[in-house]
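Colleague: Before I ask anything, let me first share the structure, which is written out below as structure tokens.
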Amino acid sequence: MSVLTQGAQYFVVCMGGTGATLVLVFMFCFLAKSQEMRAVGKAAIVPVCFAVNEPLLFAAPIVLNPVFFVPFVFAPIANIWILKIFIDFLGMNGFMYTLPWTVPGPIGTIMGLGFQPLAFVMLALILVVDFVLYYPFFRAYDAQKCAEEAEISQEELAAKNAEKAAKLNDAFQGKADAKSVAAGAAAEAVKSDVAPAATEATTASDLNGKRVLVLCQGGGTSGLLANALAKAAKERGINLETAAEAYGNHVDMLPDFDLVVLAPQAASYLADLQKDCERVGNKCVACRGKQYIELSQNGDKSLAFVSEQLSK
């Protein structure tokens, strides 16, 4: 019986998304002392249960966060070895059924393995191992965040967390236009340390009337940047339209946009996208991981980035 199957990838290696983050989002939601981590956990718990963990990866963040490097890499490895041991040494059958990747991890594991008794034991063991791997690093990050929060007022902290949760919810629901971002933000009083005026390169004349499409693998991560652009444009009186979509659903939309931005997970498609964009006469660019996080968190930088790409 083969160990390396599609079911193993969906429901064992990537239980809760890349990095096997299912247990981690519950830690954020129910065990964190940091208000920011709890806010992220509450906003991300539903999508992560359905294997869409971009809200957690980029809002916590987990991506490019050295605190979570070890468990993010080794939890999936531990999971597949546990599956291999149960199949090769305990006589459990491998995945017999192929289910959609969005089926919640524990349910997909049990169903994909045909409700074998050993499957329930293996699932419990995987969850315990993942918890043990992530917990000490989670505690270290929680302590770090609590120390940061102690330096600002409760009012500022509550407003910041509410705004972050609203952005995550809007991104997951695909609400990437300026109106929805403005309505969804619960903390207009909280501003970044950057001056509210856009930089010289991002004047209204550069961006007025332009349309930007952001693409990722599943449509969740793309909403983070699309929301940041829409909100920053609205605050500065710039008529910039944005949209977020999953790569593959974009072909018919291309003629309606001036610039297409690929999130890090979809960056490998840049060569193919360039051919499509050349055909319709618009521009495209791919973002690196750290760059994408910075752009999603800073409206001025995101506007400057778009302006720069459009001017090329």
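Just so we're on the same page: first chain in the structure tokens is A, next is B, and so on; residues restart at 1 for each chain, and ligands are numbered from 1 in the order they show up.
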Please identify every residue of region 201-256 of chain A that has at least one atom no farther than 9 Å from an atom of region 270-289 of chain A, counting only C-alpha atoms, and for each give the shortest atom pair and the distance in Å to one decimal, arranged by chain then increasing number, as CSV.

Modeller:
residue,atom,partner,partner_atom,distance
A:Val251,CA,A:Asp276,CA,7.9
A:Leu254,CA,A:Cys277,CA,7.1
A:Pro255,CA,A:Val280,CA,5.8

Colleague: Could you write out that same residue set with N, CA and C atoms as an mmCIF file, in the first residue's frame?

Modeller:
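The file below, selection-v6.cif, is the result:
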data_model
loop_
_atom_site.group_PDB
_atom_site.id
_atom_site.type_symbol
_atom_site.label_atom_id
_atom_site.label_comp_id
_atom_site.auth_asym_id
_atom_site.auth_seq_id
_atom_site.Cartn_x
_atom_site.Cartn_y
_atom_site.Cartn_z
ATOM 1 N N VAL A 251 -8.392 34.329 -16.303
ATOM 2 C CA VAL A 251 -8.168 34.496 -17.738
ATOM 3 C C VAL A 251 -9.156 35.474 -18.364
ATOM 4 N N LEU A 254 -8.574 39.337 -17.310
ATOM 5 C CA LEU A 254 -7.356 40.083 -17.622
ATOM 6 C C LEU A 254 -7.592 41.385 -18.392
ATOM 7 N N PRO A 255 -8.435 41.388 -19.424
ATOM 8 C CA PRO A 255 -8.596 42.640 -20.188
ATOM 9 C C PRO A 255 -9.136 43.804 -19.372
#

Colleague: With only C-alpha atoms as the counted atoms, please give the residues lying no more than 10 Å from Leu31 (chain A), apart from itself and same-chain residues fewer than 6 positions off, as a compact mmCIF listing (two decimals) with N, CA, C and O atoms, in the first residue's frame.

Modeller:
# COMPACT_ATOMS: atom_id res chain seq x y z
N LEU A 24 -2.08 24.78 15.52
CA LEU A 24 -1.55 26.10 15.84
C LEU A 24 -2.65 27.15 15.89
O LEU A 24 -2.65 28.03 16.77
N VAL A 25 -3.60 27.10 14.95
CA VAL A 25 -4.64 28.12 14.95
C VAL A 25 -5.53 28.00 16.18
O VAL A 25 -6.02 29.01 16.72
N MET A 37 -2.71 37.97 18.90
CA MET A 37 -2.70 36.58 18.47
C MET A 37 -4.10 35.96 18.58
O MET A 37 -4.51 35.20 17.71
N ARG A 38 -4.83 36.32 19.63
CA ARG A 38 -6.20 35.82 19.75
C ARG A 38 -7.08 36.34 18.63
O ARG A 38 -7.92 35.63 18.08
N GLY A 41 -6.21 34.45 15.55
CA GLY A 41 -6.74 33.09 15.66
C GLY A 41 -8.23 33.01 15.40
O GLY A 41 -8.70 32.13 14.67
N TYR A 135 3.98 23.91 20.39
CA TYR A 135 3.66 24.59 21.64
C TYR A 135 4.79 25.45 22.21
O TYR A 135 4.56 26.63 22.56
N PHE A 138 5.14 28.49 20.08
CA PHE A 138 3.96 29.33 20.26
C PHE A 138 4.06 30.14 21.54
O PHE A 138 3.76 31.34 21.56
N ARG A 139 4.50 29.50 22.62
CA ARG A 139 4.63 30.21 23.89
C ARG A 139 5.68 31.32 23.80
O ARG A 139 5.50 32.43 24.35
N ASP A 142 4.13 34.13 21.86
CA ASP A 142 3.09 34.75 22.68
C ASP A 142 3.70 35.71 23.70
O ASP A 142 3.21 36.83 23.89

Colleague: Skip Val260 (chain A) itself and residues of its chain fewer than 6 positions away, then list as a short mmCIF file (atom, residue, chain, number, x, y, z; two decimals) with N, CA, C and O atoms, in the first residue's frame all residues within 6 Å of it, counting only C-alpha atoms.

Modeller:
data_model
loop_
_atom_site.label_atom_id
_atom_site.label_comp_id
_atom_site.auth_asym_id
_atom_site.auth_seq_id
_atom_site.Cartn_x
_atom_site.Cartn_y
_atom_site.Cartn_z
N VAL A 212 -6.28 47.05 -10.49
CA VAL A 212 -5.24 46.10 -10.12
C VAL A 212 -5.88 44.78 -9.69
O VAL A 212 -6.80 44.77 -8.85
N LEU A 213 -5.40 43.68 -10.24
CA LEU A 213 -5.87 42.35 -9.89
C LEU A 213 -4.75 41.61 -9.17
O LEU A 213 -3.62 41.55 -9.66
N VAL A 214 -5.05 41.05 -7.99
CA VAL A 214 -4.08 40.29 -7.21
C VAL A 214 -4.48 38.82 -7.23
O VAL A 214 -5.64 38.49 -6.96
N CYS A 284 2.25 42.68 -15.55
CA CYS A 284 2.15 41.74 -14.43
C CYS A 284 3.48 41.71 -13.69
O CYS A 284 4.54 42.06 -14.23
#

Colleague: Counting only C-alpha atoms, which of A:Leu259, A:Ala150, A:Ile80, A:Val12 gets nearest to Glu308 (chain A)?

Modeller: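 For Glu308 (chain A), the nearest of the given residues is A:Leu259.
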
Colleague: Env of Val67 (chain A): 12 Å cut, atoms = only C-alpha atoms, seq-sep filter 3 positions within chain, self excluded. Answer as a list in words.

Modeller: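 The neighbour list is Ala60, Pro61, Ile62, Val63, Leu64, Val70, Pro71, Phe72, Val73, Tyr134, Tyr135, Pro136, Phe137, Phe138, Arg139, Ala140, Tyr141, Asp142, Ala143, Gln144 and Lys145 of chain A.
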
Colleague: Residues of region 74-137 of chain A in helix (DSSP H, G or I) according to DSSP, as a PyMOL selection string?

Modeller: chain A and resi 74-88+105-112+117-137

Colleague: Would you mind listing what lies within 12 Å of region 17-21 of chain A as a tab-separated table (two decimals) with N, CA, C and O atoms, in the first residue's frame, with only C-alpha atoms counted and same-chain residues fewer than 3 positions away left out?

Modeller:
chain	number	residue	atom	x	y	z
A	8	ALA	N	-2.69	11.64	1.48
A	8	ALA	CA	-1.67	11.85	2.51
A	8	ALA	C	-1.18	13.29	2.49
A	8	ALA	O	-0.94	13.90	3.54
A	9	GLN	N	-1.04	13.85	1.30
A	9	GLN	CA	-0.60	15.23	1.20
A	9	GLN	C	-1.66	16.19	1.76
A	9	GLN	O	-1.34	17.10	2.53
A	10	TYR	N	-2.92	15.98	1.37
A	10	TYR	CA	-3.98	16.88	1.77
A	10	TYR	C	-4.26	16.83	3.27
A	10	TYR	O	-4.42	17.88	3.92
A	11	PHE	N	-4.35	15.62	3.84
A	11	PHE	CA	-4.92	15.46	5.17
A	11	PHE	C	-3.93	15.03	6.24
A	11	PHE	O	-4.30	14.95	7.42
A	12	VAL	N	-2.70	14.74	5.87
A	12	VAL	CA	-1.68	14.37	6.86
A	12	VAL	C	-0.54	15.38	6.83
A	12	VAL	O	-0.27	16.05	7.83
A	13	VAL	N	0.11	15.51	5.69
A	13	VAL	CA	1.22	16.45	5.58
A	13	VAL	C	0.73	17.89	5.76
A	13	VAL	O	1.36	18.69	6.47
A	14	CYS	N	-0.37	18.22	5.13
A	14	CYS	CA	-0.89	19.60	5.17
A	14	CYS	C	-2.19	19.68	5.96
A	14	CYS	O	-3.16	20.31	5.52
A	24	LEU	N	-2.08	24.78	15.52
A	24	LEU	CA	-1.55	26.10	15.84
A	24	LEU	C	-2.65	27.15	15.89
A	24	LEU	O	-2.65	28.03	16.77
A	25	VAL	N	-3.60	27.10	14.95
A	25	VAL	CA	-4.64	28.12	14.95
A	25	VAL	C	-5.53	28.00	16.18
A	25	VAL	O	-6.02	29.01	16.72
A	26	PHE	N	-5.71	26.78	16.69
A	26	PHE	CA	-6.48	26.62	17.94
A	26	PHE	C	-5.69	27.17	19.12
A	26	PHE	O	-6.28	27.70	20.08
A	27	MET	N	-4.37	27.03	19.08
A	27	MET	CA	-3.55	27.64	20.13
A	27	MET	C	-3.70	29.16	20.12
A	27	MET	O	-3.87	29.79	21.16
A	28	PHE	N	-3.62	29.74	18.93
A	28	PHE	CA	-3.80	31.19	18.79
A	28	PHE	C	-5.15	31.61	19.35
A	28	PHE	O	-5.26	32.63	20.03
A	41	GLY	N	-6.21	34.45	15.55
A	41	GLY	CA	-6.74	33.09	15.66
A	41	GLY	C	-8.23	33.01	15.40
A	41	GLY	O	-8.70	32.13	14.67
A	44	ALA	N	-8.87	33.52	11.70
A	44	ALA	CA	-8.30	32.52	10.79
A	44	ALA	C	-8.80	31.10	11.04
A	44	ALA	O	-8.59	30.22	10.20
A	45	ILE	N	-9.47	30.85	12.16
A	45	ILE	CA	-9.77	29.48	12.54
A	45	ILE	C	-10.69	28.77	11.54
A	45	ILE	O	-10.49	27.59	11.23
A	46	VAL	N	-11.67	29.49	11.01
A	46	VAL	CA	-12.58	28.84	10.05
A	46	VAL	C	-11.87	28.48	8.75
A	46	VAL	O	-11.91	27.33	8.31
A	47	PRO	N	-11.18	29.43	8.08
A	47	PRO	CA	-10.48	29.03	6.86
A	47	PRO	C	-9.42	27.96	7.08
A	47	PRO	O	-9.25	27.07	6.23
A	48	VAL	N	-8.69	28.02	8.21
A	48	VAL	CA	-7.65	27.01	8.45
A	48	VAL	C	-8.27	25.62	8.60
A	48	VAL	O	-7.70	24.63	8.14
A	49	CYS	N	-9.44	25.54	9.22
A	49	CYS	CA	-10.11	24.24	9.34
A	49	CYS	C	-10.42	23.64	7.98
A	49	CYS	O	-10.54	22.41	7.84
A	50	PHE	N	-10.53	24.49	6.96
A	50	PHE	CA	-10.79	24.01	5.60
A	50	PHE	C	-9.53	24.10	4.73
A	50	PHE	O	-9.61	24.19	3.51
A	51	ALA	N	-8.37	24.08	5.40
A	51	ALA	CA	-7.06	24.00	4.74
A	51	ALA	C	-6.67	25.27	3.99
A	51	ALA	O	-5.76	25.24	3.17
A	52	VAL	N	-7.34	26.39	4.26
A	52	VAL	CA	-6.94	27.67	3.67
A	52	VAL	C	-6.27	28.46	4.79
A	52	VAL	O	-6.93	29.18	5.54
A	53	ASN	N	-4.95	28.30	4.92
A	53	ASN	CA	-4.28	28.89	6.08
A	53	ASN	C	-3.48	30.14	5.76
A	53	ASN	O	-2.69	30.61	6.57
A	54	GLU	N	-3.69	30.73	4.56
A	54	GLU	CA	-2.99	31.97	4.24
A	54	GLU	C	-3.27	33.09	5.24
A	54	GLU	O	-2.35	33.85	5.59
A	55	PRO	N	-4.51	33.24	5.74
A	55	PRO	CA	-4.73	34.29	6.75
A	55	PRO	C	-3.83	34.15	7.97
A	55	PRO	O	-3.35	35.15	8.51
A	56	LEU	N	-3.59	32.92	8.40
A	56	LEU	CA	-2.70	32.70	9.54
A	56	LEU	C	-1.25	32.90	9.14
A	56	LEU	O	-0.47	33.53	9.87
A	57	LEU	N	-0.87	32.38	7.97
A	57	LEU	CA	0.53	32.46	7.53
A	57	LEU	C	1.01	33.89	7.41
A	57	LEU	O	2.14	34.21	7.77
A	60	ALA	N	-0.14	36.37	11.14
A	60	ALA	CA	0.53	36.16	12.43
A	60	ALA	C	1.84	36.94	12.55
A	60	ALA	O	2.03	37.62	13.58
A	62	ILE	N	3.40	33.68	10.14
A	62	ILE	CA	4.19	32.46	10.27
A	62	ILE	C	5.29	32.46	9.22
A	62	ILE	O	6.42	32.05	9.47
A	63	VAL	N	4.94	32.92	8.01
A	63	VAL	CA	5.91	33.00	6.92
A	63	VAL	C	7.02	33.98	7.28
A	63	VAL	O	6.75	35.09	7.75
A	68	PHE	N	8.83	30.37	14.30
A	68	PHE	CA	8.07	29.17	13.92
A	68	PHE	C	8.77	28.32	12.85
A	68	PHE	O	8.15	27.40	12.32
A	69	PHE	N	10.01	28.63	12.54
A	69	PHE	CA	10.70	27.91	11.46
A	69	PHE	C	10.76	26.41	11.72
A	69	PHE	O	10.43	25.59	10.86
A	70	VAL	N	11.18	26.02	12.92
A	70	VAL	CA	11.39	24.59	13.22
A	70	VAL	C	10.08	23.80	13.14
A	70	VAL	O	10.00	22.80	12.41
A	71	PRO	N	9.02	24.18	13.86
A	71	PRO	CA	7.80	23.37	13.76
A	71	PRO	C	7.14	23.44	12.40
A	71	PRO	O	6.53	22.46	11.95
A	72	PHE	N	7.25	24.59	11.71
A	72	PHE	CA	6.63	24.72	10.39
A	72	PHE	C	7.24	23.74	9.40
A	72	PHE	O	6.56	23.22	8.52
A	73	VAL	N	8.53	23.46	9.55
A	73	VAL	CA	9.21	22.53	8.66
A	73	VAL	C	9.03	21.08	9.12
A	73	VAL	O	8.76	20.18	8.31
A	74	PHE	N	9.15	20.83	10.42
A	74	PHE	CA	9.23	19.46	10.90
A	74	PHE	C	7.89	18.83	11.27
A	74	PHE	O	7.79	17.60	11.33
A	75	ALA	N	6.85	19.62	11.51
A	75	ALA	CA	5.54	19.01	11.79
A	75	ALA	C	5.03	18.20	10.60
A	75	ALA	O	4.58	17.05	10.78
A	76	PRO	N	5.06	18.73	9.37
A	76	PRO	CA	4.63	17.90	8.23
A	76	PRO	C	5.47	16.65	8.05
A	76	PRO	O	4.95	15.59	7.68
A	77	ILE	N	6.78	16.77	8.31
A	77	ILE	CA	7.67	15.60	8.19
A	77	ILE	C	7.29	14.54	9.22
A	77	ILE	O	7.22	13.34	8.92
A	78	ALA	N	7.06	14.99	10.45
A	78	ALA	CA	6.65	14.05	11.51
A	78	ALA	C	5.33	13.37	11.16
A	78	ALA	O	5.17	12.15	11.37
A	79	ASN	N	4.41	14.12	10.59
A	79	ASN	CA	3.10	13.56	10.25
A	79	ASN	C	3.21	12.44	9.23
A	79	ASN	O	2.57	11.39	9.36
A	80	ILE	N	4.01	12.64	8.18
A	80	ILE	CA	4.09	11.61	7.14
A	80	ILE	C	4.83	10.38	7.65
A	80	ILE	O	4.53	9.25	7.24
A	101	TRP	N	-9.55	18.74	-1.31
A	101	TRP	CA	-8.54	19.19	-0.34
A	101	TRP	C	-9.12	20.11	0.72
A	101	TRP	O	-8.51	20.30	1.79
A	102	THR	N	-10.31	20.67	0.47
A	102	THR	CA	-10.91	21.58	1.44
A	102	THR	C	-11.70	20.87	2.54
A	102	THR	O	-12.21	21.53	3.44
A	103	VAL	N	-11.80	19.55	2.49
A	103	VAL	CA	-12.43	18.82	3.59
A	103	VAL	C	-11.58	19.02	4.83
A	103	VAL	O	-10.35	18.90	4.78
A	104	PRO	N	-12.16	19.36	5.98
A	104	PRO	CA	-11.36	19.55	7.20
A	104	PRO	C	-10.45	18.35	7.46
A	104	PRO	O	-10.87	17.20	7.32
A	105	GLY	N	-9.20	18.64	7.86
A	105	GLY	CA	-8.17	17.62	7.97
A	105	GLY	C	-8.56	16.35	8.72
A	105	GLY	O	-8.44	15.24	8.18
A	106	PRO	N	-9.03	16.45	9.96
A	106	PRO	CA	-9.38	15.22	10.70
A	106	PRO	C	-10.48	14.41	10.01
A	106	PRO	O	-10.41	13.18	9.97
A	126	ILE	N	-1.10	12.13	15.65
A	126	ILE	CA	-0.62	13.25	14.83
A	126	ILE	C	-0.95	14.59	15.49
A	126	ILE	O	-0.10	15.49	15.55
A	127	LEU	N	-2.16	14.72	15.99
A	127	LEU	CA	-2.55	15.97	16.64
A	127	LEU	C	-1.71	16.24	17.89
A	127	LEU	O	-1.31	17.38	18.15
A	129	VAL	N	1.38	15.07	18.47
A	129	VAL	CA	2.75	15.37	18.05
A	129	VAL	C	2.85	16.80	17.52
A	129	VAL	O	3.80	17.53	17.84
A	130	ASP	N	1.89	17.20	16.70
A	130	ASP	CA	1.90	18.57	16.18
A	130	ASP	C	1.80	19.59	17.32
A	130	ASP	O	2.46	20.64	17.29
A	131	PHE	N	0.96	19.29	18.30
A	131	PHE	CA	0.82	20.18	19.45
A	131	PHE	C	2.15	20.31	20.19
A	131	PHE	O	2.59	21.41	20.54
A	133	LEU	N	5.16	19.80	19.05
A	133	LEU	CA	6.15	20.49	18.23
A	133	LEU	C	5.92	22.01	18.22
A	133	LEU	O	6.88	22.79	18.29
A	134	TYR	N	4.68	22.42	18.10
A	134	TYR	CA	4.39	23.85	17.98
A	134	TYR	C	4.35	24.58	19.32
A	134	TYR	O	4.64	25.79	19.37
A	135	TYR	N	3.98	23.91	20.39
A	135	TYR	CA	3.66	24.59	21.64
A	135	TYR	C	4.79	25.45	22.21
A	135	TYR	O	4.56	26.63	22.56
A	138	PHE	N	5.14	28.49	20.08
A	138	PHE	CA	3.96	29.33	20.26
A	138	PHE	C	4.06	30.14	21.54
A	138	PHE	O	3.76	31.34	21.56
A	218	GLY	N	-5.41	30.26	-3.73
A	218	GLY	CA	-6.78	29.97	-3.36
A	218	GLY	C	-7.70	31.16	-3.28
A	218	GLY	O	-8.90	31.00	-3.07
A	265	GLN	N	2.84	32.51	-3.37
A	265	GLN	CA	2.52	31.11	-3.67
A	265	GLN	C	2.30	30.87	-5.16
A	265	GLN	O	2.44	29.75	-5.64

Colleague: In Å, rounded to a single decimal, give me how far CA of Ser311 (chain A) is from CA of Glu241 (chain A).

Modeller: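 It comes out at 17.2 Å.
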
Colleague: Would you please work out which residue, of A:Val23, A:Val128, A:Ala263, A:Cys29, is nearest to Lys290 (chain A) when using only C-alpha atoms?

Modeller: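 Of A:Val23, A:Val128, A:Ala263, A:Cys29, the one nearest Lys290 (chain A), counting only C-alpha atoms, is A:Ala263.
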
Colleague: Restricting the calculation to only C-alpha atoms: of A:Ile87, A:Leu123, A:Ala230, A:Val261, which residue gets closest to Glu245 (chain A)?

Modeller: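 Among the listed residues, A:Val261 lies closest to Glu245 (chain A).
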
Colleague: Mind checking which residues fall within 12 Å of Ile85 (chain A), counting only C-alpha atoms, ignoring those fewer than 2 positions away in the same chain, and posting them as a PyMOL selection string?

Modeller: chain A and resi 3+78-83+87-94+118-119+122+125-126

Colleague: Which one is closest to Leu229 (chain A): A:Lys312, A:Lys301, A:Lys84, A:Lys42? Count only C-alpha atoms.

Modeller: A:Lys301
